[in-house]
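> Below are the structure tokens for one structure; questions will follow.
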Amino acid sequence: MAKPLKLAEDRLLPAEPRVREIARALYAGVKDLPIVSPHGHTDPAWFAGNEPFANATDLLLAPDHYLFRMLYSQGLPLEKLGVSSRQGPSKANPREAWRILARNFHLFRGTPSYMWLNHVFAELFGFDVRLDETTADFYFDTIGEKLATDAFRPRALFDRFRIDCLATTEGPSDTLEHHKTIRASGWQGNVVTAYRPDAVIDAEHEDFAASIQRFAELTGENIYSWSGYLAAHRARRSFFISMGATSSDHGHPNAETLDLSDIAAEKLFSKIVSGAFAPVEAQEFRAQMLTEMAKMSLDDGLVMQLHPGSFRNHNRWLHGAFGRDKGADIPTQTDYVRALKPFLDRFGNETRLSLILFTLDETAYARELAPLAGHYPILKLGPAWWFHDSPEGMRRFREQTTETAGFYNTVGFNDDTRAFLSIPARHDMARRVDCGFLARLVAEHRMEEDEACEVAMDLAHNLVKRAYKLDQPAAKAA
Amino acid sequence: MAKPLKLAEDRLLPAEPRVREIARALYAGVKDLPIVSPHGHTDPAWFAGNEPFANATDLLLAPDHYLFRMLYSQGLPLEKLGVSSRQGPSKANPREAWRILARNFHLFRGTPSYMWLNHVFAELFGFDVRLDETTADFYFDTIGEKLATDAFRPRALFDRFRIDCLATTEGPSDTLEHHKTIRASGWQGNVVTAYRPDAVIDAEHEDFAASIQRFAELTGENIYSWSGYLAAHRARRSFFISMGATSSDHGHPNAETLDLSDIAAEKLFSKIVSGAFAPVEAQEFRAQMLTEMAKMSLDDGLVMQLHPGSFRNHNRWLHGAFGRDKGADIPTQTDYVRALKPFLDRFGNETRLSLILFTLDETAYARELAPLAGHYPILKLGPAWWFHDSPEGMRRFREQTTETAGFYNTVGFNDDTRAFLSIPARHDMARRVDCGFLARLVAEHRMEEDEACEVAMDLAHNLVKRAYKLDQPAAKAA
Amino acid sequence: MAKPLKLAEDRLLPAEPRVREIARALYAGVKDLPIVSPHGHTDPAWFAGNEPFANATDLLLAPDHYLFRMLYSQGLPLEKLGVSSRQGPSKANPREAWRILARNFHLFRGTPSYMWLNHVFAELFGFDVRLDETTADFYFDTIGEKLATDAFRPRALFDRFRIDCLATTEGPSDTLEHHKTIRASGWQGNVVTAYRPDAVIDAEHEDFAASIQRFAELTGENIYSWSGYLAAHRARRSFFISMGATSSDHGHPNAETLDLSDIAAEKLFSKIVSGAFAPVEAQEFRAQMLTEMAKMSLDDGLVMQLHPGSFRNHNRWLHGAFGRDKGADIPTQTDYVRALKPFLDRFGNETRLSLILFTLDETAYARELAPLAGHYPILKLGPAWWFHDSPEGMRRFREQTTETAGFYNTVGFNDDTRAFLSIPARHDMARRVDCGFLARLVAEHRMEEDEACEVAMDLAHNLVKRAYKLDQPAAKAA
């Protein structure tokens, strides 16, 4: 017999009755605030085309590396889960793939994915029985039917989710056609882009040469000269800003920065574009480009984000067979204190510029990131990221950063997801966990309830709008 | 006046009444499950000979480095505590040594040893007053009397403890005579061995040459050739399997692995056996041997365990005077992401093989170990180990691994102890702490109670049997 | 309308009613114990001259880098906050500076500074409304008026705070005139010094040459010879001891130690004083000097403290403009296991000597520091330090050190502050957090209440007196 599925009203709030009571009151003040999603990886094509999503597997399982990595870790082959490979789309039957998820759904107990999916199942699709082997087909069919209705098209969901603003992330060689289509469509949904130039900065990326080539074509700049390369960046940033971008984003293997002289930077660049560079030079170039991006931000106002510390494509065989972003990126230890010094020596005291720092290495929270952000005007702390975007992870983030950096050097929540349907669940989780943290401070008389109420609103809404300049008229950001 | 000693029924369960109520219900379902102890350091001679244990000091204090290291840290000399040295057995009067422990027992407040010992005192020996200066002799006498009775002989205790299976750990040059005796005795206790070849792999071990020599004698292989050396391992593994082994165990200073060509491996080996090697070569050889062991495991089915990251014999003087395992091993920072890459590049996607990872560096839990185990089919996470085998340590383990790796990439509990009498106390502690963790998830509506109930059973029993292949007929494991 | 300010009686105690009840009982036993402050940075001139403090800004804001670093991180310039620079005292109007703090006081929500200041405001100055924009002037005026009264002079406050002993920290070239004045004054306040020789040991310190020169003048030793240099240290230590010192203190960039032969040490020293040294030699000299200090401690009995791991003056521009100690020191990752080995190889088993270890890298608590202190007789653990001197930081310290090192290898609390008025608030916070931690152990039946009561007293009073030899007649320490 199928087991009941019901989202508890008090989920994720602390168990102690008095603390829960306070948390409930704080949460009541923020639960209906519109969603601001300043950084994520949804596909703008969804909102441009507004085509219905296909089926449960294609929408919820096959693109979600949080899900298929766990199944894979237990010996289930990716090709059976609908995951595309270098050979192209999966040949798996979507219903069969879904059954595998259903049969193994217990593996996700205690993970945030379990809560996000159950939120989607109950709230969005109206299920009142749990997903398991016996309900797999019922789920697959019901989801399929609903997705075929207009109410489940991307724009309808966007509106239903009450999203105030959603940023996607695009590379510099992206034409932003979908963003243009969205803007031209008359639909009021606020979908903006963000400038993520890794593909033309990371010379060790497998597609670097092709990306550079495309970058040249798009901009018409002599991209093989240092000044032309920089001009191309400036041109694309300006175009991205015209498509709503207020931020750039940088995904680097570490947090290294450099501040070379123009001559040294030019010399380094010429090696990089020649293709004849050593790994250390690729590293230096990424480090130097953070400085170059900051110089441009001083002119055009883009807020910078740094996402360092992922060892990408750790699984050699899987990378060969299935390609990137297949759940095989592993965090590494990340230094900030020495790595950021060249950048901070130049820009640390800038009040016109913002660098939002993320980490996959939680040991940096109390030791490095909170002390840095609690001192340098340019620095803010991004929320608990990726593997740490979870109830315990968010709690550790607050417990380990607040006492040194306070709440006001943080920037609210990022869902950072490509799983569009999970966005409300993710923001809801963050709000609940933050309210639970604040409620404990109140119950321990470390903060008054009226103060916690203000902070809860700031964490859920105000800080993110301010930090990402989403509270300003678009023109001003540009 | 002596103070009362009483084990509280709810010990180690969370204080909040509703959470405690749930934890109590979960614990009720697992508390009487038989003990599965897949990795530890008890002495098989106890069960072979079934001789009575001598006295409180010789049984409980002198061999337990958790205890005498703490006393030593407060200035109490090891020679007074019954600890043997390079000069041989201690000349301390056991009763005097016991009095020192009793007088200083307050030093252990807040440590797991305090709870383990009190569990043993109350449950096994029936004490209802606490150990302190005034009760030292009463304790010493009572324990001595009980140990002299048949009910306290090793086999009787083994049966009383309801141990389903107990694995000891032996080196490759061990003849496993005690295991043979146990098997021949007709006693039904399931005591198996595990293959720990460090002594013939770690060329920096002080007894390496002697161990290799003995390894050669035992196997009759030309052990100074690479193929003979490997054949010797295969022969001993096979013999260990015939004595019940289902796992090998590897205690290395770090988690480095290598995957050399046969020629390179042979060349490295010849340097190692010649004795003329650099430290880096000893390191490379240990790293390569993990790969060699995995190759053998593919054939013979032994589950691999890696226990890295202990700086052995850190105290130079103490090592000189008292020898190894005297409480002077100190954890070090341990990298897994880069260290395991060569091994994972070769075996990471193997579903027929298991490598169970341990750590003394908790910073790796959320950053490296959970992401690795939540992706690679070959990897599982061993429980909180050694210094972290404690209520807070276990809680951190669950809080920092579950959200990324789930519960099902972990392998239940290991007591990993030579303190035989503490085995029930240790398993009980693990069950209570896990139930407390699960109860919080239930109370915060992150999991349903029926799910938590299943997980609790899996953590206490099913996962360990599956991970160590103890749920299979012995022949199958072999 | 101004919001009410009231210190809750149960502040910082755990929220769960039963745990709180136990915590309250434990706290009742320690809250009125006199303050022992064995390490800090108050100015002995205050107690020598006993002049009234000037105003709220000069006393509470301008010298407190915890406060102005947070304001600076949010873009507020130091020169407006009354902070002195290399150009001399700030020209800011103290009242205006205070208004900035008041207007931005919400930035400190969730930080220990918020609680310390509110404690001072409510307890010491009697405020019953909160500090904010509307009450800024009221606060400034009221504080100013009170400071002008005799009851708020330094010695009166010292007595009112019930300080049993307060250690300041001075460099070897300090004449300790203020300490002499205090002693000659007849006032009974027990203010002692501590020997902090960094300025004549850290050859990379900007004032090294000048400090050495002054060191020579003061001691009359031929300080440019190794034996003269060591003799000068011995002489100053002896003088410091005559001014009550029971400890030396060493603030190093890392925990590296060395144990060179006399010849090698002399050779290294000659390079250092010549000024022609490489960074690695400056590093080696600091490392060696810990060993030299220990040798002297064996003779004169000074307890050693090591405060490693701060990257001083990380903000280049700020250091140039405002100088040292301006909130720009950032913690770095710190190794102890390898770094301390040379020192421990020589002195680790000494029971006559104490080295109290601190850290800014919390990852070392469970991995390195607790295992080291739980074994080596010479080692003790200092309390949670600086950025970690906070409710969550103290809780992590206990949770991560107790299970391996116990309570009795720790040394109670250090306020380590130059913010004199906050001393009672800081000790009170530590007592409350420790009682809360102990209460959880009691509620989880991991310790009996009578035991927790003893431990609470030890943590609040006995351990610090013993560890710093403040329980001995001064002569004995010498």
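Residue names in the structure tokens use chain letters A, B, ... in the order shown, residue numbers from 1 in each chain, and ligand numbers from 1 in the order shown.
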List as a tab-separated table every residue of chain C that is in contact with chain A, defined as an atom at most 9 Å from one of its atoms (using only C-alpha atoms), together with the nearest atom pair and the distance in Å rounded to one decimal, sorted by chain and then rising number.


residue	atom	partner	partner_atom	distance
C:Leu7	CA	A:His445	CA	8.1
C:Ala8	CA	A:His445	CA	6.3
C:Glu9	CA	A:His445	CA	8.8
C:Asp10	CA	A:Glu444	CA	7.2
C:Arg11	CA	A:His445	CA	4.7
C:Leu12	CA	A:Glu444	CA	4.9
C:Leu13	CA	A:Glu444	CA	5.9
C:Pro14	CA	A:Glu444	CA	6.1
C:Ala15	CA	A:Ala443	CA	5.7
C:Glu16	CA	A:Glu16	CA	6.3
C:Pro17	CA	A:Glu16	CA	9.0
C:Tyr66	CA	A:Thr404	CA	8.5
C:Phe68	CA	A:His375	CA	8.8
C:Arg69	CA	A:His375	CA	5.1
C:Met70	CA	A:Gly374	CA	5.3
C:Leu71	CA	A:His375	CA	8.2
C:Tyr72	CA	A:His375	CA	6.3
C:Ser73	CA	A:Pro377	CA	4.2
C:Gln74	CA	A:Pro377	CA	5.6
C:Gly75	CA	A:Pro377	CA	5.3
C:Leu76	CA	A:Pro377	CA	8.5
C:His106	CA	A:Glu451	CA	8.1
C:Leu107	CA	A:Tyr408	CA	6.0
C:Phe108	CA	A:Gly406	CA	5.9
C:Arg109	CA	A:Gly406	CA	6.4
C:Gly110	CA	A:Glu403	CA	5.8
C:Thr111	CA	A:Glu403	CA	4.1
C:Pro112	CA	A:Glu403	CA	6.3
C:Ser113	CA	A:Glu403	CA	8.5
C:Tyr114	CA	A:Arg446	CA	8.5
C:Met115	CA	A:Arg446	CA	6.8
C:Phe311	CA	A:Val337	CA	8.1
C:His314	CA	A:Lys341	CA	7.6
C:Asn315	CA	A:Asp345	CA	6.5
C:Arg316	CA	A:Asp345	CA	5.8
C:Trp317	CA	A:Asp345	CA	7.0
C:Leu318	CA	A:Asn349	CA	8.4
C:Gly327	CA	A:His375	CA	6.7
C:Ala328	CA	A:His375	CA	6.4
C:Asp329	CA	A:Pro371	CA	8.1
C:Ile330	CA	A:Pro371	CA	6.0
C:Pro331	CA	A:Arg367	CA	5.6
C:Thr332	CA	A:Arg367	CA	6.7
C:Gln333	CA	A:Arg367	CA	7.6
C:Leu360	CA	A:Arg367	CA	6.6
C:Asp361	CA	A:Arg367	CA	5.8
C:Glu362	CA	A:Arg367	CA	7.2
C:Thr363	CA	A:Thr363	CA	6.8
C:Phe387	CA	A:Thr404	CA	6.3
C:His388	CA	A:Ala366	CA	7.9
C:Ser390	CA	A:Glu403	CA	6.9
C:Pro391	CA	A:Glu403	CA	8.4
C:Glu392	CA	A:Glu399	CA	6.5
C:Gly393	CA	A:Gln400	CA	7.9

> For Trp116 of chain B, work out the shell of residues within 9 Å, counting only C-alpha atoms and skipping chain neighbours fewer than 4 positions away, then give it as a list of chain:residue names.

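The neighbour list is B:Pro112, B:Val120, B:Phe121, B:Ser422, B:Ile423, B:Pro424, B:Ala425, B:Arg426, B:Met429.
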
> Just want the 7 Å neighbourhood of Thr417 of chain B, counted on only C-alpha atoms, with same-chain residues fewer than 5 positions away dropped. Output as number ranges by chain.

B: 40-42

> If you keep C-alpha atoms, can you produce a file of those selected residues as a short mmCIF file (atom, residue, chain, number, x, y, z; two decimals), in the first residue's frame?


data_model
loop_
_atom_site.label_atom_id
_atom_site.label_comp_id
_atom_site.auth_asym_id
_atom_site.auth_seq_id
_atom_site.Cartn_x
_atom_site.Cartn_y
_atom_site.Cartn_z
CA GLY B 40 38.69 -4.50 15.32
CA HIS B 41 41.76 -5.49 17.23
CA THR B 42 40.72 -8.04 19.81
#

> Could you check how far atom CA of Val129 of chain C sits from atom CA of Ala2 of chain C, in Å to one decimal?

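These atoms are spaced 6.0 Å apart.
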
> Write out as a list in words all residues of segment 238-364 of chain B that DSSP puts in strand (DSSP E or B) for this structure's backbone.

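Of segment 238-364 of chain B, the ones in strand (DSSP E or B) are Ser247, Ser248, Asp249, His250, Gly251, His252, Val303, Met304, Gln305, Leu306, His307, Pro308, Ser310, Phe311, Ile330, Pro331, Leu355, Ile356 and Leu357 of chain B.
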
> Write the residues of the selection above to a file with N, CA and C atoms, as a compact mmCIF listing (two decimals), in the first residue's frame.


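Ended up saving to part-v2.txt:
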# COMPACT_ATOMS: atom_id res chain seq x y z
N SER B 247 37.62 -9.17 4.30
CA SER B 247 38.15 -7.83 4.02
C SER B 247 39.65 -7.77 4.23
N SER B 248 40.25 -6.80 3.52
CA SER B 248 41.63 -6.43 3.83
C SER B 248 41.59 -5.03 4.45
N ASP B 249 42.67 -4.66 5.09
CA ASP B 249 42.70 -3.37 5.78
C ASP B 249 44.07 -2.76 5.59
N HIS B 250 44.09 -1.45 5.34
CA HIS B 250 45.34 -0.78 5.00
C HIS B 250 45.48 0.49 5.82
N GLY B 251 46.47 0.48 6.69
CA GLY B 251 46.73 1.65 7.53
C GLY B 251 47.92 2.42 6.97
N HIS B 252 47.63 3.51 6.28
CA HIS B 252 48.70 4.26 5.61
C HIS B 252 48.80 5.67 6.18
N VAL B 303 36.79 -7.21 0.48
CA VAL B 303 36.45 -5.79 0.59
C VAL B 303 37.68 -5.05 1.12
N MET B 304 37.99 -3.87 0.55
CA MET B 304 39.15 -3.12 1.01
C MET B 304 38.75 -2.03 2.01
N GLN B 305 39.59 -1.85 3.01
CA GLN B 305 39.42 -0.73 3.94
C GLN B 305 40.70 0.11 3.93
N LEU B 306 40.55 1.43 3.90
CA LEU B 306 41.72 2.31 3.98
C LEU B 306 41.58 3.21 5.21
N HIS B 307 42.55 3.07 6.12
CA HIS B 307 42.61 3.89 7.34
C HIS B 307 43.82 4.81 7.25
N PRO B 308 43.69 5.96 6.64
CA PRO B 308 44.86 6.83 6.46
C PRO B 308 44.93 7.96 7.47
N SER B 310 47.21 8.87 10.08
CA SER B 310 47.75 8.93 11.43
C SER B 310 49.27 9.11 11.38
N PHE B 311 49.75 10.12 12.10
CA PHE B 311 51.19 10.29 12.27
C PHE B 311 51.56 9.38 13.45
N ILE B 330 49.05 10.76 16.22
CA ILE B 330 48.33 12.02 16.09
C ILE B 330 47.78 12.15 14.66
N PRO B 331 46.51 12.50 14.53
CA PRO B 331 45.93 12.69 13.18
C PRO B 331 46.62 13.82 12.42
N LEU B 355 35.78 -0.12 -1.73
CA LEU B 355 36.83 0.48 -0.91
C LEU B 355 36.13 1.32 0.16
N ILE B 356 36.31 0.93 1.41
CA ILE B 356 35.69 1.64 2.52
C ILE B 356 36.70 2.63 3.07
N LEU B 357 36.35 3.92 3.02
CA LEU B 357 37.28 4.99 3.40
C LEU B 357 37.02 5.46 4.82

> Using only C-alpha atoms, determine which residues lie at most 10 Å from Phe420 of chain A, disregarding the query and same-chain residues fewer than 6 positions distant; provide the list as number ranges by chain.

A: 40-43, 46, 59-60, 154, 157-158

> Report the distance between atom CA of Gly412 of chain B and atom CA of Phe437 of chain B in Å, rounded to one decimal place.

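Distance between the two atoms: 14.0 Å.
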
> Do you know which residues are at most 8 Å from Glu281 of chain B counting only C-alpha atoms, after dropping those on the same chain fewer than 4 positions away, and could you put them as a ChimeraX atom specification?

/B:268,272,277,285

> Produce a file of the selected residues containing N, CA and C atoms, as a PDB file, in the first residue's frame.


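So part-v9.pdb came out as:
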ATOM      1  N   LEU B 268      60.225  -0.352  -8.950  1.00  0.00           N
ATOM      2  CA  LEU B 268      60.044   0.249  -7.632  1.00  0.00           C
ATOM      3  C   LEU B 268      60.203  -0.817  -6.546  1.00  0.00           C
ATOM      4  N   ILE B 272      62.677  -1.235  -3.200  1.00  0.00           N
ATOM      5  CA  ILE B 272      62.117  -1.391  -1.853  1.00  0.00           C
ATOM      6  C   ILE B 272      62.744  -2.597  -1.145  1.00  0.00           C
ATOM      7  N   PHE B 277      66.159   2.662  -0.625  1.00  0.00           N
ATOM      8  CA  PHE B 277      65.087   3.472  -1.208  1.00  0.00           C
ATOM      9  C   PHE B 277      64.986   4.808  -0.481  1.00  0.00           C
ATOM     10  N   PHE B 285      55.490   3.132  -3.061  1.00  0.00           N
ATOM     11  CA  PHE B 285      55.213   1.689  -2.989  1.00  0.00           C
ATOM     12  C   PHE B 285      53.909   1.423  -2.228  1.00  0.00           C
TER      13      PHE B 285
END

> Write out as a count of residues only the residues lying within 6 Å of segment 186-194 of chain A, counting only C-alpha atoms and excluding same-chain residues fewer than 5 positions away.

9

> Could you please determine the separation between atom CA of Ala232 of chain A and atom CA of Asp325 of chain A in Å, to one decimal place?

27.4 Å
